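K.L.:
Here it is, the structure, as structure tokens.
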Amino acid sequence: MKSGRIRRRVAGGAAAVAAALLFTLAGPGAGAAQAAPICPGQKIRTLTFATGKVVLFKKRGFVCAVTYAKSARNRKPMSVSVQARGSRPVRDAGRYVRLAGPVKVHAGHRCVWIKGNVSGRGISSGWILC
């Protein structure tokens with residue numbers, strides 16, 4: 001009886017050590033690469049500019065956007081805006097390190113206008129997804 005209990009404890013301890021080693025070797029960035037996207041839905045477009053990019057997602061008539069900075073070293077002014085035609089824009093702006101947003105609007109089948117900005121440089125899409 002005692003030897004069976006010891007084997008189970010050793011096997012359980014070995015599994016815990018192996019899992020801890022795996023997480024240590026994977027590093028902090030490995031989990032982020034496999035993390036779920038910040039917006040729900042399917043990625044439909046990426047708009048790039050000199051200091052970053054705006055990524056668009058769409059699900060069931062909703063459009064969601066996030067602005068990512070190329071450099072994640074320090075806080076910088078960032079913004080993202082989504083406007084469905086006939087509605088007011090939804091905006092997130094502030095001093096962020098890595099991303100601004102997400103912002104989400106119900107567009108249905110209407111066109112949307114996307115704007116993103118990082119450190120004074122950005123992009124304005126015009127009416128898209130019509």
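So you can find residues: chains in the structure tokens are A, B, ... in the order shown, residues in each start at 1, and ligands are numbered from 1 in order.
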So which bits of region 34-117 of chain A end up strand (DSSP E or B) when you DSSP the backbone, as a ChimeraX atom specification?

P.N.:
/A:42-49,52-59,62-69,76-84,90-96,99-106,112-117

K.L.:
From the set A:Ala93, A:Cys64, A:Met78, A:Cys130, which residue has the shortest atom-to-atom contact distance to His106 (chain A), counting only C-alpha atoms?

P.N.:
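Between A:Ala93, A:Cys64, A:Met78, A:Cys130, the residue approaching His106 (chain A) most closely is A:Cys64.
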
K.L.:
Restricting the calculation to only C-alpha atoms: of A:Asn117, A:Thr51, A:Ser81, A:Thr46, which residue gets closest to Pro102 (chain A)?

P.N.:
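Using only C-alpha atoms, Pro102 (chain A) sits closest to A:Ser81.
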
K.L.:
What's the separation between CA of Gly126 (chain A) and CA of Pro40 (chain A), in Å to one decimal place?

P.N.:
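If I compute the distance from CA of Gly126 (chain A) to CA of Pro40 (chain A), I get 22.9 Å.
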